[in-house]
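S.K.: Sharing entry-v5.pdb below, PDB, C-alpha atoms and all ligand atoms:
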```pdb
ATOM      1  CA  MET W 334      64.493 118.906 111.382
ATOM      2  CA  LYS W 335      67.853 117.908 112.743
ATOM      3  CA  MET W 336      66.385 115.039 114.757
ATOM      4  CA  GLN W 337      64.516 113.777 111.744
ATOM      5  CA  LYS W 338      67.701 113.599 109.786
ATOM      6  CA  SER W 339      69.456 111.664 112.563
ATOM      7  CA  SER W 340      66.625 109.136 112.714
ATOM      8  CA  TRP W 341      66.827 108.679 108.997
ATOM      9  CA  MET W 342      70.594 108.118 109.208
ATOM     10  CA  LEU W 343      70.128 105.625 112.036
ATOM     11  CA  MET W 344      67.643 103.712 109.937
ATOM     12  CA  VAL W 345      70.033 103.631 106.988
ATOM     13  CA  VAL W 346      72.766 102.282 109.245
ATOM     14  CA  LEU W 347      70.450  99.651 110.715
ATOM     15  CA  VAL W 348      69.281  98.515 107.292
ATOM     16  CA  ALA W 349      72.894  98.304 106.109
ATOM     17  CA  ALA W 350      73.842  96.316 109.206
ATOM     18  CA  PHE W 351      70.950  93.921 108.638
ATOM     19  CA  ALA W 352      71.905  93.474 104.991
ATOM     20  CA  LEU W 353      75.471  92.676 106.002
ATOM     21  CA  ALA W 354      74.325  90.147 108.579
ATOM     22  CA  ALA W 355      72.093  88.516 105.977
ATOM     23  CA  CYS W 356      75.029  88.290 103.572
ATOM     24  CA  GLY W 357      76.989  85.992 105.818
ATOM     25  CA  ASN W 358      78.711  87.989 108.503
ATOM     26  CA  VAL W 359      80.617  85.374 110.463
ATOM     27  CA  GLY W 360      80.148  84.842 114.150
ATOM     28  CA  GLY W 361      78.001  87.829 114.905
ATOM     29  CA  GLY W 362      79.693  88.320 118.256
ATOM     30  CA  GLY W 363      81.399  91.573 117.411
ATOM     31  CA  GLY W 364      83.689  89.622 115.106
ATOM     32  CA  ALA W 365      85.872  91.662 112.828
ATOM     33  CA  SER W 366      85.565  89.436 109.832
ATOM     34  CA  THR W 367      83.192  89.179 106.881
ATOM     35  CA  THR W 368      82.964  86.354 104.369
ATOM     36  CA  ILE W 369      81.977  86.990 100.748
ATOM     37  CA  GLU W 370      81.451  84.369  98.054
ATOM     38  CA  ILE W 371      81.356  85.263  94.374
ATOM     39  CA  ALA W 372      81.258  83.027  91.309
ATOM     40  CA  SER W 373      81.329  83.618  87.612
ATOM     41  CA  ASP W 374      77.843  83.687  86.110
ATOM     42  CA  GLY W 375      77.837  80.438  84.160
ATOM     43  CA  GLU W 376      79.406  81.018  80.751
ATOM     44  CA  ASN W 377      78.527  84.726  80.733
ATOM     45  CA  LEU W 378      81.165  87.425  81.009
ATOM     46  CA  ALA W 379      79.795  88.412  84.395
ATOM     47  CA  TYR W 380      79.932  87.700  88.099
ATOM     48  CA  ASP W 381      76.942  86.249  89.917
ATOM     49  CA  LYS W 382      77.078  89.279  92.254
ATOM     50  CA  LYS W 383      77.183  92.792  90.816
ATOM     51  CA  GLU W 384      77.843  94.309  94.220
ATOM     52  CA  PHE W 385      78.616  93.548  97.817
ATOM     53  CA  THR W 386      79.028  95.664 100.927
ATOM     54  CA  VAL W 387      81.634  95.407 103.673
ATOM     55  CA  PRO W 388      82.530  97.522 106.731
ATOM     56  CA  ALA W 389      85.688  99.648 106.611
ATOM     57  CA  GLY W 390      88.692  98.236 108.448
ATOM     58  CA  GLN W 391      87.288  94.737 108.710
ATOM     59  CA  THR W 392      89.113  91.624 107.568
ATOM     60  CA  ILE W 393      87.365  90.358 104.449
ATOM     61  CA  THR W 394      87.617  86.758 103.347
ATOM     62  CA  LEU W 395      86.486  86.612  99.744
ATOM     63  CA  THR W 396      86.244  83.397  97.764
ATOM     64  CA  PHE W 397      85.937  83.634  93.996
ATOM     65  CA  LYS W 398      84.963  80.527  92.081
ATOM     66  CA  ASN W 399      85.147  80.185  88.310
ATOM     67  CA  VAL W 400      82.196  77.924  87.511
ATOM     68  CA  SER W 401      82.633  78.247  83.751
ATOM     69  CA  THR W 402      83.469  75.047  81.885
ATOM     70  CA  ALA W 403      85.529  76.823  79.240
ATOM     71  CA  GLN W 404      86.707  80.275  80.267
ATOM     72  CA  GLN W 405      89.451  81.711  82.407
ATOM     73  CA  HIS W 406      88.538  84.379  84.932
ATOM     74  CA  ASN W 407      90.058  86.304  87.811
ATOM     75  CA  LEU W 408      88.722  88.840  90.287
ATOM     76  CA  VAL W 409      90.652  92.047  90.852
ATOM     77  CA  ILE W 410      89.476  94.757  93.254
ATOM     78  CA  VAL W 411      90.945  98.158  92.404
ATOM     79  CA  LYS W 412      91.518 101.246  94.527
ATOM     80  CA  GLY W 413      88.931 103.376  92.760
ATOM     81  CA  GLY W 414      86.160 103.480  90.192
ATOM     82  CA  GLU W 415      85.839 102.709  86.509
ATOM     83  CA  ASP W 416      88.759 104.963  85.558
ATOM     84  CA  VAL W 417      91.149 102.996  87.765
ATOM     85  CA  ALA W 418      89.591  99.685  86.667
ATOM     86  CA  ALA W 419      90.152 100.577  83.003
ATOM     87  CA  LYS W 420      93.778 101.472  83.740
ATOM     88  CA  VAL W 421      94.456  98.233  85.654
ATOM     89  CA  ASN W 422      92.689  96.277  82.901
ATOM     90  CA  ASP W 423      94.944  97.814  80.232
ATOM     91  CA  GLU W 424      98.049  97.200  82.337
ATOM     92  CA  GLY W 425      96.962  93.605  82.954
ATOM     93  CA  ILE W 426      96.414  92.913  79.283
ATOM     94  CA  ASN W 427      99.835  94.401  78.518
ATOM     95  CA  ALA W 428     101.398  92.194  81.218
ATOM     96  CA  GLY W 429      99.911  89.159  79.463
ATOM     97  CA  PRO W 430      99.403  85.557  80.526
ATOM     98  CA  PRO W 431      99.070  83.699  82.703
ATOM     99  CA  ASP W 432      97.598  86.185  85.184
ATOM    100  CA  PHE W 433      97.015  89.376  83.157
ATOM    101  CA  LEU W 434      97.990  91.442  86.174
ATOM    102  CA  PRO W 435     100.411  94.376  86.304
ATOM    103  CA  ALA W 436     103.548  93.866  88.392
ATOM    104  CA  ASP W 437     102.828  97.237  90.006
ATOM    105  CA  ARG W 438     100.018  96.613  92.495
ATOM    106  CA  THR W 439      99.637 100.273  93.516
ATOM    107  CA  ASN W 440      96.058 100.430  92.212
ATOM    108  CA  ILE W 441      95.008  96.971  93.396
ATOM    109  CA  ILE W 442      93.444  96.098  96.754
ATOM    110  CA  ALA W 443      93.352  92.343  96.159
ATOM    111  CA  ALA W 444      93.492  89.990  93.184
ATOM    112  CA  THR W 445      93.189  86.293  92.491
ATOM    113  CA  LYS W 446      95.406  84.595  89.959
ATOM    114  CA  MET W 447      93.811  83.704  86.617
ATOM    115  CA  LEU W 448      91.604  80.700  87.359
ATOM    116  CA  GLY W 449      90.788  77.972  84.884
ATOM    117  CA  PRO W 450      87.357  76.321  84.681
ATOM    118  CA  GLY W 451      86.294  75.048  88.118
ATOM    119  CA  GLY W 452      89.102  76.893  89.879
ATOM    120  CA  SER W 453      88.703  78.940  93.019
ATOM    121  CA  GLU W 454      90.827  81.112  95.245
ATOM    122  CA  THR W 455      90.236  82.772  98.595
ATOM    123  CA  LEU W 456      91.563  86.275  99.218
ATOM    124  CA  THR W 457      92.001  87.907 102.598
ATOM    125  CA  PHE W 458      92.307  91.681 102.768
ATOM    126  CA  THR W 459      91.395  94.614 104.975
ATOM    127  CA  ALA W 460      88.447  96.664 103.758
ATOM    128  CA  PRO W 461      89.665 100.184 102.863
ATOM    129  CA  ALA W 462      88.079 103.535 103.739
ATOM    130  CA  PRO W 463      84.357 104.001 103.039
ATOM    131  CA  GLY W 464      83.612 104.443  99.364
ATOM    132  CA  THR W 465      82.989 102.415  96.231
ATOM    133  CA  TYR W 466      85.582 100.244  94.556
ATOM    134  CA  VAL W 467      85.251  98.426  91.235
ATOM    135  CA  PHE W 468      86.157  94.750  90.868
ATOM    136  CA  LEU W 469      86.790  93.231  87.461
ATOM    137  CA  CYS W 470      88.169  90.349  85.442
ATOM    138  CA  THR W 471      91.334  91.285  83.544
ATOM    139  CA  TYR W 472      91.216  88.438  81.024
ATOM    140  CA  PRO W 473      91.274  90.187  77.606
ATOM    141  CA  ALA W 474      87.837  91.485  76.556
ATOM    142  CA  HIS W 475      86.049  90.342  79.730
ATOM    143  CA  TYR W 476      85.961  93.743  81.459
ATOM    144  CA  ALA W 477      84.816  95.359  78.220
ATOM    145  CA  GLY W 478      82.190  92.610  77.991
ATOM    146  CA  GLY W 479      80.788  93.626  81.369
ATOM    147  CA  MET W 480      82.649  91.377  83.789
ATOM    148  CA  LYS W 481      82.739  93.814  86.688
ATOM    149  CA  GLY W 482      80.998  94.875  89.861
ATOM    150  CA  VAL W 483      81.221  97.241  92.816
ATOM    151  CA  MET W 484      82.409  96.726  96.370
ATOM    152  CA  THR W 485      80.805  99.298  98.667
ATOM    153  CA  VAL W 486      82.661 100.000 101.898
ATOM    154  CA  VAL W 487      80.576 101.533 104.683
ATOM    155  CA  SER W 488      81.579 103.035 108.031
ATOM    156  CA  PRO W 489      81.702 100.243 110.607
TER
HETATM  157 CU    CU W 501      86.807  86.730  82.946
END
```
I need this file expressed as structure tokens, please.
M.R.:
Amino acid sequence: MKMQKSSWMLMVVLVAAFALAACGNVGGGGGASTTIEIASDGENLAYDKKEFTVPAGQTITLTFKNVSTAQQHNLVIVKGGEDVAAKVNDEGINAGPPDFLPADRTNIIAATKMLGPGGSETLTFTAPAPGTYVFLCTYPAHYAGGMKGVMTVVSP
């Protein structure tokens, strides 16, 4: 029974590793860096990726592109789930334009500035401990409209 469980875990790890490699892991030679690309989903209040997975402790290079022709968007990864995302969203809206981001970054892992149509920004950050972390757009009404996703951090 114990061996069966280990085999199952090994398979899960292998599948996760393969998925990461397929998602654009750079180099592949034991490199400690992962590249992620996310765009807004046309004119919808959504990202084109609802989730992505990265290994804990690795340097993540994430490029967010606003492909909308009319709307402003940012991408903010918070240190927690929906409860933390809702808090950061409220704080961002209270902080106001141009970036709709709270001055206190305690609950934020990484955040782009507010990007106009066609804008993009690349963030570099270290993936935190294994777990799930919500990312969202803090432009007023966008998070409530569904502009969010989940970053899953797995053990390296
Ligand atoms: Cu937005």
S.K.: Collect all residues with atoms no farther than 8 Å from ligand CU 501 (chain W), counting only C-alpha atoms and all ligand atoms, and output them as a ChimeraX atom specification.
M.R.: /W:373,378-379,404-408,469-473,475-476,480
S.K.: For segment 439-442 of chain W, work out the shell of residues within 6 Å, counting all atoms listed in the file and skipping chain neighbours fewer than 4 positions away, then give it as a list of chain:residue names.
M.R.: W:Ile410, W:Val411, W:Lys412
S.K.: Of the candidates W:Ala418, W:Val467, W:Ala443, W:Val387, which shows the shortest atom-to-atom distance to Thr455 of chain W, using only C-alpha atoms?
M.R.: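 Closest to Thr455 of chain W of all the choices is W:Ala443.
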S.K.: Contacts of segment 431-434 of chain W at 9 Å or less, counting only C-alpha atoms, minus same-chain residues fewer than 6 places along, as a ChimeraX atom specification?
M.R.: /W:407,409,421-422,424-425,444-448,471-473
S.K.: With all atoms listed in the file counted, which protein, DNA or RNA residues have an atom no more than 7 Å from (86.0, 99.8, 106.4) in the file frame? Please answer as a list of chain:residue names.
M.R.: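 The residues that fall inside the cut-off are W:Val387, W:Pro388, W:Ala389, W:Gly390, W:Gln391, W:Ala460, W:Pro461, W:Ala462, W:Pro463, W:Val486, W:Val487, W:Ser488, W:Pro489.
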S.K.: When you count all atoms listed in the file, which of these residues is closest to Gly375 of chain W: W:Lys420, W:Asn427, W:Ser453, W:Thr402?
M.R.: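 When distances to Gly375 of chain W are compared using all atoms listed in the file, the smallest one comes from W:Thr402.
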S.K.: On this structure, which residues satisfy the PyMOL selection byres (((chain W and resi 396) around 8) and not hetatm), written as a PyMOL selection string?
M.R.: chain W and resi 368-371+394-395+397-398+453-456
S.K.: Could you jot down the atom CA of Ala365 of chain W to atom CA of Val400 of chain W separation for me, Å, one decimal place?
M.R.: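 Straight-line distance from atom CA of Ala365 of chain W to atom CA of Val400 of chain W works out to 29.0 Å.
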S.K.: Between W:Glu415, W:Gly464, W:Ala477, W:Ser401, which has the minimum distance to Ala372 of chain W (counting all atoms listed in the file)?
M.R.: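 For Ala372 of chain W, the nearest of the candidates is W:Ser401.
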S.K.: Taking the file above as input, evaluate the PyMOL selection byres (((chain W and resi 393) around 6) and not hetatm) and report the hits as a VMD selection string.
M.R.: chain W and resid 366 to 368 392 394 457 to 459
S.K.: Do you have the atom CA of Val417 of chain W-atom CA of Thr386 of chain W distance handy?
M.R.: 19.3 Å
S.K.: What is the atom CA of Lys383 of chain W-atom CA of Asp423 of chain W distance in Å, reported with one decimal?
M.R.: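 So the two atoms, atom CA of Lys383 of chain W and atom CA of Asp423 of chain W, lie 21.3 Å apart.
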